[in-house]
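Notes for the one structure printed next.
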Amino acid sequence: MKKYISDLIQQLGWSFPNEDLVVTFLHFLVIAFICFLVYWTTKTIVLNWVHRFADKSKTEWDDLLVKEHFFKKLSGILPIAIVIYTLSSILENYKAFIPFLNSLLEAILAIAFARLIISFINALHNYLETKERYKDKPLQSYAQLTKIIVYLFFGITIFSLLTGKTPMFFITAMGAMSAILLLIFKDTILGFIGSIQLAANDMVRIGDWISMNKYGADGTVIEINLATIKVRNFDLTITTIPTYSMISDSFKNWRGMEESPGRRIKRALNLKISSVKFCSEQLIKELEEIELIKNYLHEKQEEIRLYNQKHKQVNGKHINGRSLTNIGVFRIYVEHYLKQNNNINTDLTCMVRQLPPNEKGLPIEIYAFSKNKQWVIYESIIADIFDHLLAIVPSFELEVFQNPTGSDFKKK
C-alpha cells in the first residue's frame, strides 16, 4: 500500500522535503480510516442486527450476552488486530519504533480480550442463575474466582509484553516477595479469603438484613468489598464490619425469614395466677355467646358430662371430676382467633401454649407466622392481635399481670 501511495503522490506532481515521512503518515491515515470503517460497520450495522436477532430469539443466553456488551467489546478487537498486523509495513522505514508500539498494541489487545472474557463470564453466571438446578450452588464465588484468575493471567501477560520479560519472571518475583506481601497486606488477604468464603457459602448478600451485636450492626447490607462490609442500620447510621469478621465471628442473617412464607410471631401475655379458676355455669353461658368458641364449649361440656357420668363423679365438686377452666377456654379462644385471622399464615406452625409460671404470672405464648414480613406491617399485625386479647381477657374473668405502681400502693 505504501508503494501505491508514493506512486499516487508522484502522479499528482506533489513534492515534499521529506517525502518518506509524508507517505508513512498518509499510510497511517489510510489504516486508521479502515479501522474506523470496520469499527463503525460492526458497531452500527452488525451489532444492530445481532441485537434484533437476540430480541426475537426465544433463548435467554443471547440476551444476556447483549446485556453484558459482549458483542460490542468483540467489535473493538478487530481494529486493534488490523493495526498490529499492518504496523510493520507502516513503519517500514522507522523500525526502531516498531517493538515498542507493537508491545503497546499487544497489551491493549490483551486488555480487550480480558474485558471480553469477563463479559462472557458475567453472562454465563447470570444465565446459570436462571436455571433451577443451580439455585443452591455458589455460582457467584465461582465467577469471582474465575475473574480473579483471568485478571492475574492477563495482568502478568501485559507486564510481560510491556517490559519484554517472560511471564515466569513475574511469577518468580511474586513468589520471592510473598513473605513481605503477606505481612504488608495481611488485612487485605484476610478480607480476600473472607469474601471468597462468604460467596462460596452464600452467607451474606447485598440487601440482606443482618444483626451482629459485636459491631452494633442491625440493618441492611449495602456494600460488600474486599476489606469491609457496610451495613445501613435501621436508625440510618452506617456500620463498617471487617469482611473476615463475618467468618470468624457469629452473626444473624434474616434472609431465611424474608424468603420464607411467613415471619414468626413469638410473644407472651402474662396472666395473674390468682385469677385462674374453674368456669362457673354463669361464665360458661356468657362465653357461649362468643361465636369462635361456641361449638367448642358445647362439645367439651358434653365430653366432660359423659366422662363424669361414666366415672360416677356427679356430686358437683370440680375437684372430683373434669371441669372447664377459664385459662383453658381462653387458650382455645386465642387459637381459634389466630386461625381465622387473615394476616396469619395457617400453613405454618400456629399454636398457643402455656410457659412455666414465674414471678410475673402465667405466660400464655403465641407462636405463629404472619403472612406479611415487612417490618412496619408486621409490628402492626402483632399490635392488633394483642390489643384484642388485652381487651377480651376480662371476659374470661382473668387478669393481666402488672407490677404494682405508686398509685396502687396509695389506694391501699
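Note on naming: chains are A, B, ... as they come in the C-alpha cells, residues start from 1 per chain, ligands start from 1 in the order shown.
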
Can you list, as a list in words, every protein, DNA or RNA residue that comes within 9 Å of range 348-350 of chain A when you count only C-alpha atoms, leaving out same-chain residues fewer than 6 positions away?
-> Pro261, Gly262, Glu335, Leu338, Lys339, Ile366, Tyr367, Ala368 and Phe369 of chain A

Shell around His69 in chain A at 12 Å using only C-alpha atoms, local window under 4 positions removed, as a ChimeraX atom specification = /A:43,47,50-51,62-65,73-76,115-123

Can you write out the residues you just picked, keeping C-alpha atoms, as a PDB file, in the first residue's frame?
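The resulting file, again.pdb, is reproduced below:
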ATOM      1  CA  LYS A  43     -20.982  -1.288  15.782  1.00  0.00           C
ATOM      2  CA  LEU A  47     -24.431  -5.070  16.315  1.00  0.00           C
ATOM      3  CA  VAL A  50     -27.275  -9.054  16.422  1.00  0.00           C
ATOM      4  CA  HIS A  51     -29.470  -7.112  18.903  1.00  0.00           C
ATOM      5  CA  ASP A  62     -28.010 -14.207  23.635  1.00  0.00           C
ATOM      6  CA  ASP A  63     -29.988 -11.557  25.570  1.00  0.00           C
ATOM      7  CA  LEU A  64     -27.561 -11.852  28.474  1.00  0.00           C
ATOM      8  CA  LEU A  65     -24.571 -11.520  26.122  1.00  0.00           C
ATOM      9  CA  LYS A  73     -16.442  -5.464  23.160  1.00  0.00           C
ATOM     10  CA  LEU A  74     -15.844  -8.089  20.474  1.00  0.00           C
ATOM     11  CA  SER A  75     -16.197  -5.443  17.768  1.00  0.00           C
ATOM     12  CA  GLY A  76     -13.358  -3.438  19.321  1.00  0.00           C
ATOM     13  CA  ARG A 115     -12.759  -7.402  29.079  1.00  0.00           C
ATOM     14  CA  LEU A 116     -14.372  -9.739  26.532  1.00  0.00           C
ATOM     15  CA  ILE A 117     -13.783 -12.826  28.707  1.00  0.00           C
ATOM     16  CA  ILE A 118     -15.051 -11.043  31.840  1.00  0.00           C
ATOM     17  CA  SER A 119     -18.183 -10.065  29.938  1.00  0.00           C
ATOM     18  CA  PHE A 120     -18.675 -13.685  28.879  1.00  0.00           C
ATOM     19  CA  ILE A 121     -18.203 -14.902  32.482  1.00  0.00           C
ATOM     20  CA  ASN A 122     -20.796 -12.407  33.751  1.00  0.00           C
ATOM     21  CA  ALA A 123     -23.286 -13.503  31.089  1.00  0.00           C
TER      22      ALA A 123
END

Enumerate the residues of range 145-278 of chain A with a DSSP assignment of helix (DSSP H, G or I), computed from the backbone, and present them as a PyMOL selection string.
-> chain A and resi 145-163+167-176+178-184+186-200+213-215+245-248+255-259+273-275

Could you write those residues out with C-alpha atoms, as an mmCIF file, in the first residue's frame?
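Result written to selection39.cif:
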data_model
loop_
_atom_site.group_PDB
_atom_site.id
_atom_site.type_symbol
_atom_site.label_atom_id
_atom_site.label_comp_id
_atom_site.auth_asym_id
_atom_site.auth_seq_id
_atom_site.Cartn_x
_atom_site.Cartn_y
_atom_site.Cartn_z
ATOM 1 C CA LEU A 145 -12.593 -16.818 41.346
ATOM 2 C CA THR A 146 -12.609 -17.262 37.574
ATOM 3 C CA LYS A 147 -12.425 -13.500 37.051
ATOM 4 C CA ILE A 148 -9.538 -13.220 39.527
ATOM 5 C CA ILE A 149 -7.640 -15.885 37.567
ATOM 6 C CA VAL A 150 -8.361 -14.025 34.315
ATOM 7 C CA TYR A 151 -7.155 -10.732 35.811
ATOM 8 C CA LEU A 152 -3.953 -12.360 37.112
ATOM 9 C CA PHE A 153 -3.234 -14.118 33.813
ATOM 10 C CA PHE A 154 -3.748 -11.040 31.650
ATOM 11 C CA GLY A 155 -2.039 -8.781 34.201
ATOM 12 C CA ILE A 156 1.132 -10.875 34.040
ATOM 13 C CA THR A 157 0.792 -11.077 30.242
ATOM 14 C CA ILE A 158 0.516 -7.290 29.894
ATOM 15 C CA PHE A 159 3.520 -6.635 32.150
ATOM 16 C CA SER A 160 5.454 -9.221 30.171
ATOM 17 C CA LEU A 161 4.597 -7.534 26.870
ATOM 18 C CA LEU A 162 5.456 -4.034 28.087
ATOM 19 C CA THR A 163 8.739 -4.964 29.773
ATOM 20 C CA PRO A 167 5.783 -14.348 32.439
ATOM 21 C CA MET A 168 7.852 -16.738 34.574
ATOM 22 C CA PHE A 169 9.990 -13.788 35.673
ATOM 23 C CA PHE A 170 6.984 -12.064 37.286
ATOM 24 C CA ILE A 171 5.676 -15.305 38.799
ATOM 25 C CA THR A 172 9.083 -15.956 40.371
ATOM 26 C CA ALA A 173 9.327 -12.360 41.621
ATOM 27 C CA MET A 174 5.897 -12.619 43.242
ATOM 28 C CA GLY A 175 6.959 -15.842 44.969
ATOM 29 C CA ALA A 176 10.113 -14.242 46.325
ATOM 30 C CA SER A 178 5.333 -13.427 49.185
ATOM 31 C CA ALA A 179 6.546 -13.100 52.806
ATOM 32 C CA ILE A 180 6.673 -9.300 52.582
ATOM 33 C CA LEU A 181 3.321 -9.185 50.788
ATOM 34 C CA LEU A 182 1.732 -11.359 53.483
ATOM 35 C CA LEU A 183 2.996 -9.009 56.194
ATOM 36 C CA ILE A 184 2.006 -5.749 54.493
ATOM 37 C CA LYS A 186 -2.398 -9.180 55.895
ATOM 38 C CA ASP A 187 -5.779 -7.494 56.385
ATOM 39 C CA THR A 188 -6.412 -7.355 52.654
ATOM 40 C CA ILE A 189 -5.556 -11.035 52.234
ATOM 41 C CA LEU A 190 -7.794 -11.988 55.176
ATOM 42 C CA GLY A 191 -10.569 -9.912 53.647
ATOM 43 C CA PHE A 192 -9.985 -11.609 50.306
ATOM 44 C CA ILE A 193 -10.224 -15.053 51.920
ATOM 45 C CA GLY A 194 -13.291 -13.960 53.860
ATOM 46 C CA SER A 195 -15.036 -12.622 50.754
ATOM 47 C CA ILE A 196 -14.398 -15.900 48.909
ATOM 48 C CA GLN A 197 -15.767 -17.945 51.812
ATOM 49 C CA LEU A 198 -18.789 -15.661 52.141
ATOM 50 C CA ALA A 199 -19.505 -16.023 48.431
ATOM 51 C CA ALA A 200 -18.806 -19.755 48.325
ATOM 52 C CA ASN A 213 -24.114 -7.351 68.175
ATOM 53 C CA LYS A 214 -20.307 -7.208 68.439
ATOM 54 C CA TYR A 215 -20.185 -4.321 65.955
ATOM 55 C CA SER A 245 -15.049 -10.971 60.907
ATOM 56 C CA MET A 246 -18.118 -12.360 59.163
ATOM 57 C CA ILE A 247 -16.242 -15.675 59.070
ATOM 58 C CA SER A 248 -14.515 -15.628 62.465
ATOM 59 C CA ARG A 255 -32.714 -13.710 54.730
ATOM 60 C CA GLY A 256 -34.246 -17.083 55.575
ATOM 61 C CA MET A 257 -37.175 -15.323 57.205
ATOM 62 C CA GLU A 258 -37.579 -12.939 54.264
ATOM 63 C CA GLU A 259 -37.557 -15.812 51.783
ATOM 64 C CA ILE A 273 -52.200 -16.935 88.540
ATOM 65 C CA SER A 274 -54.720 -15.956 91.235
ATOM 66 C CA SER A 275 -57.322 -15.239 88.514
#

Do you know which residues are at most 12 Å from Val334 in chain A counting only C-alpha atoms, after dropping those on the same chain fewer than 5 positions away, and could you put them as a PyMOL selection string?
-> chain A and resi 268-269+290+292-293+327-329+339-341+350-353+364-368+385-386+388-390+392-393+396
